[in-house]
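File shown here: start_10.json, holding JSON, C-alpha atoms.
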```json
[["chain", "number", "residue", "atom", "x", "y", "z"],
["A", 1, "MET", "CA", 35.59, 14.46, -7.05],
["A", 2, "SER", "CA", 33.73, 11.60, -8.72],
["A", 3, "SER", "CA", 34.80, 8.01, -8.17],
["A", 4, "SER", "CA", 35.51, 7.64, -11.91],
["A", 5, "ARG", "CA", 38.04, 10.49, -11.78],
["A", 6, "LEU", "CA", 39.70, 8.81, -8.82],
["A", 7, "GLY", "CA", 40.10, 5.68, -10.91],
["A", 8, "LEU", "CA", 37.71, 3.54, -8.87],
["A", 9, "ARG", "CA", 35.94, 0.77, -10.75],
["A", 10, "LEU", "CA", 32.81, 0.00, -8.78],
["A", 11, "ALA", "CA", 29.85, -2.33, -9.21],
["A", 12, "ALA", "CA", 26.96, -3.34, -7.00],
["A", 13, "CYS", "CA", 24.78, -6.38, -6.40],
["A", 14, "LEU", "CA", 21.20, -6.21, -5.14],
["A", 15, "LEU", "CA", 21.18, -9.70, -3.66],
["A", 16, "ASN", "CA", 17.65, -11.08, -3.20],
["A", 17, "ILE", "CA", 17.30, -13.71, -0.48],
["A", 18, "SER", "CA", 14.20, -15.60, 0.64],
["A", 19, "GLU", "CA", 14.25, -14.42, 4.27],
["A", 20, "ALA", "CA", 13.01, -11.26, 5.99],
["A", 21, "ARG", "CA", 11.42, -12.38, 9.25],
["A", 22, "ARG", "CA", 14.58, -13.44, 11.10],
["A", 23, "LYS", "CA", 16.74, -10.35, 11.32],
["A", 24, "ASN", "CA", 19.79, -12.18, 12.65],
["A", 25, "ILE", "CA", 19.94, -14.46, 9.62],
["A", 26, "VAL", "CA", 19.63, -11.55, 7.18],
["A", 27, "GLU", "CA", 22.37, -9.64, 9.00],
["A", 28, "ASN", "CA", 24.68, -12.67, 9.07],
["A", 29, "ILE", "CA", 24.29, -13.04, 5.30],
["A", 30, "ALA", "CA", 25.14, -9.37, 4.85],
["A", 31, "LYS", "CA", 28.15, -9.66, 7.17],
["A", 32, "ALA", "CA", 29.47, -12.63, 5.18],
["A", 33, "ALA", "CA", 29.84, -10.36, 2.16],
["A", 34, "LEU", "CA", 32.13, -8.03, 4.12],
["A", 35, "LEU", "CA", 34.67, -10.59, 5.29],
["A", 36, "GLU", "CA", 37.84, -11.78, 3.63],
["A", 37, "LYS", "CA", 38.92, -15.42, 3.88],
["A", 38, "ASN", "CA", 41.06, -14.58, 6.92],
["A", 39, "GLY", "CA", 38.00, -13.24, 8.76],
["A", 40, "GLN", "CA", 39.05, -9.61, 8.52],
["A", 41, "THR", "CA", 36.72, -6.95, 7.11],
["A", 42, "HIS", "CA", 37.39, -6.33, 3.44],
["A", 43, "PRO", "CA", 38.41, -2.67, 2.99],
["A", 44, "GLU", "CA", 36.86, -2.36, -0.47],
["A", 45, "VAL", "CA", 33.44, -3.93, 0.16],
["A", 46, "SER", "CA", 30.41, -2.20, 1.68],
["A", 47, "VAL", "CA", 26.83, -3.17, 2.44],
["A", 48, "LEU", "CA", 24.93, -0.03, 1.53],
["A", 49, "ASN", "CA", 21.43, -1.09, 2.48],
["A", 50, "ILE", "CA", 19.23, -3.95, 3.66],
["A", 51, "PHE", "CA", 15.56, -3.82, 2.71],
["A", 52, "SER", "CA", 13.28, -6.49, 4.18],
["A", 53, "ASP", "CA", 9.61, -7.14, 3.44],
["A", 54, "ARG", "CA", 8.02, -9.41, 6.04],
["A", 55, "ASP", "CA", 4.95, -10.23, 3.92],
["A", 56, "TYR", "CA", 7.12, -11.20, 0.96],
["A", 57, "ASN", "CA", 9.60, -12.83, 3.37],
["A", 58, "ARG", "CA", 12.28, -11.48, 1.09],
["A", 59, "SER", "CA", 15.25, -9.18, 1.69],
["A", 60, "VAL", "CA", 17.41, -7.23, -0.73],
["A", 61, "ILE", "CA", 21.01, -6.69, 0.40],
["A", 62, "THR", "CA", 22.88, -4.01, -1.57],
["A", 63, "ILE", "CA", 26.57, -4.89, -1.78],
["A", 64, "ALA", "CA", 29.03, -2.47, -3.39],
["A", 65, "ALA", "CA", 32.67, -3.22, -4.16],
["A", 66, "SER", "CA", 35.37, -2.93, -6.74],
["A", 67, "VAL", "CA", 34.39, -4.96, -9.78],
["A", 68, "ASP", "CA", 37.31, -7.32, -9.08],
["A", 69, "ASP", "CA", 36.11, -8.06, -5.52],
["A", 70, "LEU", "CA", 32.33, -8.09, -5.93],
["A", 71, "GLY", "CA", 32.01, -11.68, -7.15],
["A", 72, "ASN", "CA", 33.79, -13.21, -4.16],
["A", 73, "SER", "CA", 31.82, -11.08, -1.71],
["A", 74, "VAL", "CA", 28.49, -12.05, -3.25],
["A", 75, "LEU", "CA", 29.55, -15.70, -3.32],
["A", 76, "ALA", "CA", 30.29, -15.61, 0.42],
["A", 77, "ALA", "CA", 26.87, -14.09, 1.11],
["A", 78, "CYS", "CA", 25.18, -16.75, -1.06],
["A", 79, "LEU", "CA", 26.93, -19.59, 0.75],
["A", 80, "GLU", "CA", 25.82, -18.18, 4.11],
["A", 81, "ALA", "CA", 22.25, -17.96, 2.80],
["A", 82, "PHE", "CA", 22.29, -21.59, 1.67],
["A", 83, "GLN", "CA", 23.42, -22.66, 5.14],
["A", 84, "SER", "CA", 20.82, -20.55, 6.94],
["A", 85, "ILE", "CA", 17.59, -20.70, 4.92],
["A", 86, "ASN", "CA", 15.56, -23.90, 4.63],
["A", 87, "MET", "CA", 13.23, -23.58, 1.65],
["A", 88, "GLU", "CA", 11.07, -26.44, 2.91],
["A", 89, "LEU", "CA", 9.97, -24.14, 5.74],
["A", 90, "GLN", "CA", 10.01, -20.81, 3.88],
["A", 91, "GLU", "CA", 6.67, -19.01, 3.56],
["A", 92, "GLY", "CA", 5.89, -15.69, 1.89],
["A", 93, "VAL", "CA", 3.71, -14.12, -0.79],
["A", 94, "HIS", "CA", 6.58, -13.31, -3.15],
["A", 95, "PRO", "CA", 7.30, -16.02, -5.75],
["A", 96, "CYS", "CA", 10.64, -17.68, -5.06],
["A", 97, "LEU", "CA", 12.45, -20.86, -5.88],
["A", 98, "GLY", "CA", 15.68, -20.66, -3.92],
["A", 99, "ALA", "CA", 17.32, -19.46, -0.73],
["A", 100, "VAL", "CA", 19.10, -17.00, -3.03],
["A", 101, "ASP", "CA", 16.58, -16.09, -5.69],
["A", 102, "LEU", "CA", 18.04, -13.24, -7.72],
["A", 103, "ILE", "CA", 21.54, -11.83, -8.16],
["A", 104, "PRO", "CA", 21.43, -8.52, -10.06],
["A", 105, "ILE", "CA", 24.78, -6.95, -10.93],
["A", 106, "TYR", "CA", 24.91, -3.21, -11.74],
["A", 107, "PRO", "CA", 27.76, -1.00, -12.97],
["A", 108, "LEU", "CA", 28.38, 2.00, -10.71],
["A", 109, "SER", "CA", 31.55, 3.76, -11.83],
["A", 110, "GLY", "CA", 34.17, 3.04, -14.49],
["A", 111, "VAL", "CA", 32.62, -0.37, -15.24],
["A", 112, "SER", "CA", 30.73, -1.47, -18.35],
["A", 113, "VAL", "CA", 27.55, -3.52, -18.45],
["A", 114, "GLU", "CA", 29.51, -6.20, -20.31],
["A", 115, "GLU", "CA", 31.95, -6.45, -17.40],
["A", 116, "CYS", "CA", 29.03, -6.93, -15.03],
["A", 117, "GLY", "CA", 27.86, -9.78, -17.25],
["A", 118, "ALA", "CA", 31.32, -11.35, -16.95],
["A", 119, "VAL", "CA", 31.13, -11.07, -13.14],
["A", 120, "ALA", "CA", 27.72, -12.76, -13.21],
["A", 121, "ARG", "CA", 28.92, -15.64, -15.38],
["A", 122, "SER", "CA", 31.99, -16.17, -13.21],
["A", 123, "LEU", "CA", 29.82, -16.12, -10.10],
["A", 124, "ALA", "CA", 27.48, -18.71, -11.67],
["A", 125, "GLU", "CA", 30.42, -21.04, -12.29],
["A", 126, "SER", "CA", 31.62, -20.60, -8.70],
["A", 127, "LEU", "CA", 28.16, -21.39, -7.34],
["A", 128, "LEU", "CA", 28.09, -24.62, -9.35],
["A", 129, "LEU", "CA", 31.29, -25.70, -7.61],
["A", 130, "HIS", "CA", 30.20, -24.73, -4.10],
["A", 131, "VAL", "CA", 26.47, -25.57, -4.09],
["A", 132, "PRO", "CA", 25.66, -29.05, -5.42],
["A", 133, "GLY", "CA", 22.24, -29.24, -7.07],
["A", 134, "CYS", "CA", 21.85, -25.52, -7.73],
["A", 135, "SER", "CA", 20.04, -24.27, -10.84],
["A", 136, "LEU", "CA", 21.06, -21.12, -12.70],
["A", 137, "PHE", "CA", 19.11, -19.08, -15.23],
["A", 138, "LEU", "CA", 21.03, -16.34, -17.05],
["A", 139, "PHE", "CA", 19.72, -13.16, -18.62],
["A", 140, "GLY", "CA", 20.92, -9.75, -19.75],
["A", 141, "GLU", "CA", 24.65, -9.53, -20.50],
["A", 142, "ALA", "CA", 25.21, -12.89, -18.81],
["A", 143, "ASP", "CA", 22.93, -14.62, -21.31],
["A", 144, "LEU", "CA", 25.16, -14.85, -24.39],
["A", 145, "PRO", "CA", 24.60, -14.54, -27.24],
["A", 146, "GLU", "CA", 20.85, -13.89, -26.92],
["A", 147, "LYS", "CA", 21.00, -11.38, -24.04],
["A", 148, "ARG", "CA", 17.38, -12.10, -23.16],
["A", 149, "THR", "CA", 15.81, -9.86, -20.53],
["A", 150, "LEU", "CA", 14.50, -11.07, -17.19],
["A", 151, "VAL", "CA", 10.92, -10.58, -18.41],
["A", 152, "GLN", "CA", 11.62, -12.67, -21.52],
["A", 153, "ARG", "CA", 13.19, -15.48, -19.52],
["A", 154, "ARG", "CA", 10.31, -15.60, -17.05],
["A", 155, "LYS", "CA", 7.76, -15.75, -19.87],
["A", 156, "GLN", "CA", 9.69, -18.48, -21.66],
["A", 157, "LEU", "CA", 9.96, -20.53, -18.49],
["A", 158, "GLY", "CA", 6.34, -20.00, -17.45],
["A", 159, "TRP", "CA", 7.73, -18.74, -14.17],
["A", 160, "PHE", "CA", 4.43, -17.66, -12.60],
["A", 161, "THR", "CA", 2.14, -20.37, -13.98],
["A", 162, "ARG", "CA", 4.30, -23.49, -13.96],
["A", 163, "ARG", "CA", 3.74, -26.16, -11.32],
["A", 164, "ASP", "CA", 6.23, -28.83, -12.42],
["A", 165, "PHE", "CA", 9.62, -27.16, -12.20],
["A", 166, "SER", "CA", 11.53, -30.43, -12.59],
["A", 167, "THR", "CA", 11.02, -30.13, -16.37],
["A", 168, "LEU", "CA", 12.82, -26.78, -16.58],
["A", 169, "GLU", "CA", 16.18, -26.73, -18.30],
["A", 170, "PRO", "CA", 18.49, -24.28, -16.52],
["A", 171, "ASP", "CA", 21.38, -22.63, -18.31],
["A", 172, "LEU", "CA", 23.73, -24.16, -15.76],
["A", 173, "GLY", "CA", 23.28, -26.79, -13.08],
["A", 174, "ALA", "CA", 20.50, -29.25, -12.30],
["A", 175, "ALA", "CA", 16.77, -28.84, -12.89],
["A", 176, "PRO", "CA", 15.08, -27.45, -9.77],
["A", 177, "ALA", "CA", 13.19, -30.03, -7.71],
["A", 178, "ARG", "CA", 10.22, -27.84, -6.86],
["A", 179, "ARG", "CA", 9.07, -24.28, -6.33],
["A", 180, "CYS", "CA", 8.26, -22.56, -3.05],
["A", 181, "GLY", "CA", 5.99, -19.57, -2.43],
["A", 182, "LEU", "CA", 4.25, -19.54, -5.80],
["A", 183, "THR", "CA", 2.12, -16.44, -6.46],
["A", 184, "ALA", "CA", 1.37, -14.21, -9.41],
["A", 185, "GLY", "CA", 3.14, -10.94, -10.17],
["A", 186, "TYR", "CA", 6.65, -9.71, -9.40],
["A", 187, "ARG", "CA", 8.54, -6.59, -8.51],
["A", 188, "HIS", "CA", 9.93, -4.41, -11.31],
["A", 189, "THR", "CA", 13.53, -5.20, -12.20],
["A", 190, "SER", "CA", 16.14, -3.45, -14.30],
["A", 191, "PRO", "CA", 17.29, -4.76, -17.70],
["A", 192, "TRP", "CA", 20.81, -4.62, -16.28],
["A", 193, "LEU", "CA", 20.11, -7.63, -14.07],
["A", 194, "MET", "CA", 22.57, -10.29, -15.03],
["A", 195, "LEU", "CA", 21.98, -13.56, -13.25],
["A", 196, "ARG", "CA", 19.12, -15.48, -11.75],
["A", 197, "GLN", "CA", 20.39, -18.12, -9.39],
["A", 198, "THR", "CA", 18.20, -20.65, -7.65],
["A", 199, "CYS", "CA", 18.65, -23.64, -5.42],
["A", 200, "PRO", "CA", 15.81, -26.02, -4.49],
["A", 201, "ARG", "CA", 16.64, -25.75, -0.81],
["A", 202, "GLY", "CA", 19.16, -24.29, 1.53],
["A", 203, "GLY", "CA", 20.84, -25.96, 4.51],
["A", 204, "LYS", "CA", 19.33, -26.93, 7.82],
["A", 205, "ASP", "CA", 17.15, -24.33, 9.44],
["A", 206, "PRO", "CA", 18.79, -22.99, 12.62],
["A", 207, "GLY", "CA", 15.44, -22.19, 14.23],
["A", 208, "PRO", "CA", 13.64, -18.89, 14.89]]
```

As structure tokens, what does this structure read like?
Amino acid sequence: MSSSRLGLRLAACLLNISEARRKNIVENIAKAALLEKNGQTHPEVSVLNIFSDRDYNRSVITIAASVDDLGNSVLAACLEAFQSINMELQEGVHPCLGAVDLIPIYPLSGVSVEECGAVARSLAESLLLHVPGCSLFLFGEADLPEKRTLVQRRKQLGWFTRRDFSTLEPDLGAAPARRCGLTAGYRHTSPWLMLRQTCPRGGKDPGP
């Protein structure tokens, strides 16, 4: 029986983080998404996959949950990433600006794209409260009323040619201090992606 017939309302996040060479850090970020505030494993949250590219030094963590729980799980993973990844030391051929560089939200079952946009906007507001100095760029259903695509936003911002990122005006938060890992080109992304979140640096690097 399909999940929609069972009444499950599911969404997923393909969380992009700027780390792939230290497996323990990537796994700790994934584990953070699975835990409730009391430290117990959340019964309605799963990490479906972790894909890491050492050359890009970038990992994609696929987190699936009920649409009501996904935002908090992704927030916990983001906070762990900010504590674990130091962007002043990060190296890789993939263009990135933050320890958490992209937060795509997808509908899976019984959830609309508009609801995913609402999750993304709520998550952006939570990140502003928890991560001082973060910069957030919205697109898709999170970018109201324009609903600009990721490609449109990157072109408007000069994402792959710009050198002075302090002049950027984010949708929420502070202007980024600088960019790390600048190269040309980027991986294909879906028009359902809802939120680009960046932070000029993470916390202290715990070492290799």

Inset, instruction - Work out how far atom CA of Cys13 of chain A is from atom CA of Asp53 of chain A, in Å to one decimal. - result: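 A separation of 18.1 Å between them.
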
Legend entry - Which of A:Ala20, A:Val111, A:Leu34, A:Ala81 sits closest to Ser59 of chain A [using all atoms listed in the file]: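 Using all atoms listed in the file, Ser59 of chain A sits closest to A:Ala20.
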
Legend entry - Nearest to Tyr56 of chain A, chosen from A:Asn16, A:Thr41, A:Thr149, A:Asn72, with only C-alpha atoms counted in the distances: A:Asn16

Inset, instruction - Find the distance between atom CA of Thr62 of chain A and atom CA of Leu172 of chain A and write it in Å to one decimal. - result: 24.7 Å

Legend entry - Shortest interatomic distance to Gly39 of chain A - which of A:Leu129, A:Ala118, A:Ala76, A:Val60, counting all atoms listed in the file: A:Ala76

Inset, instruction - Can you work out the spacing between atom CA of Ser122 of chain A and atom CA of Ala99 of chain A in Å, to one decimal? - result: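 Value for the atom CA of Ser122 of chain A-atom CA of Ala99 of chain A distance: 19.5 Å.
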
Inset, instruction - Determine the nearest neighbour of Ser126 of chain A from the options A:Arg58, A:Val151, A:Ala174, A:Cys78, counting all atoms listed in the file. - result: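 Using all atoms listed in the file, the shortest distance to Ser126 of chain A belongs to A:Cys78.
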
Legend entry - Option closest in space to Lys23 of chain A, from A:His42, A:Leu168, A:Ser84, A:Glu36 [counting only C-alpha atoms]: A:Ser84

Legend entry - All residues 12 Å or closer to Asp69 of chain A, all atoms listed in the file, same chain fewer than 2 positions away omitted, as an NGL selection string: :A and (9-13 or 33-36 or 42-46 or 63-67 or 71-76 or 116 or 119 or 122-123)

Inset, instruction - Kindly indicate which residue among A:His130, A:Ser166, A:Leu8, A:Glu114 lies nearest to Asp143 of chain A, using all atoms listed in the file for the distances. - result: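 Between A:His130, A:Ser166, A:Leu8, A:Glu114, the residue approaching Asp143 of chain A most closely is A:Glu114.
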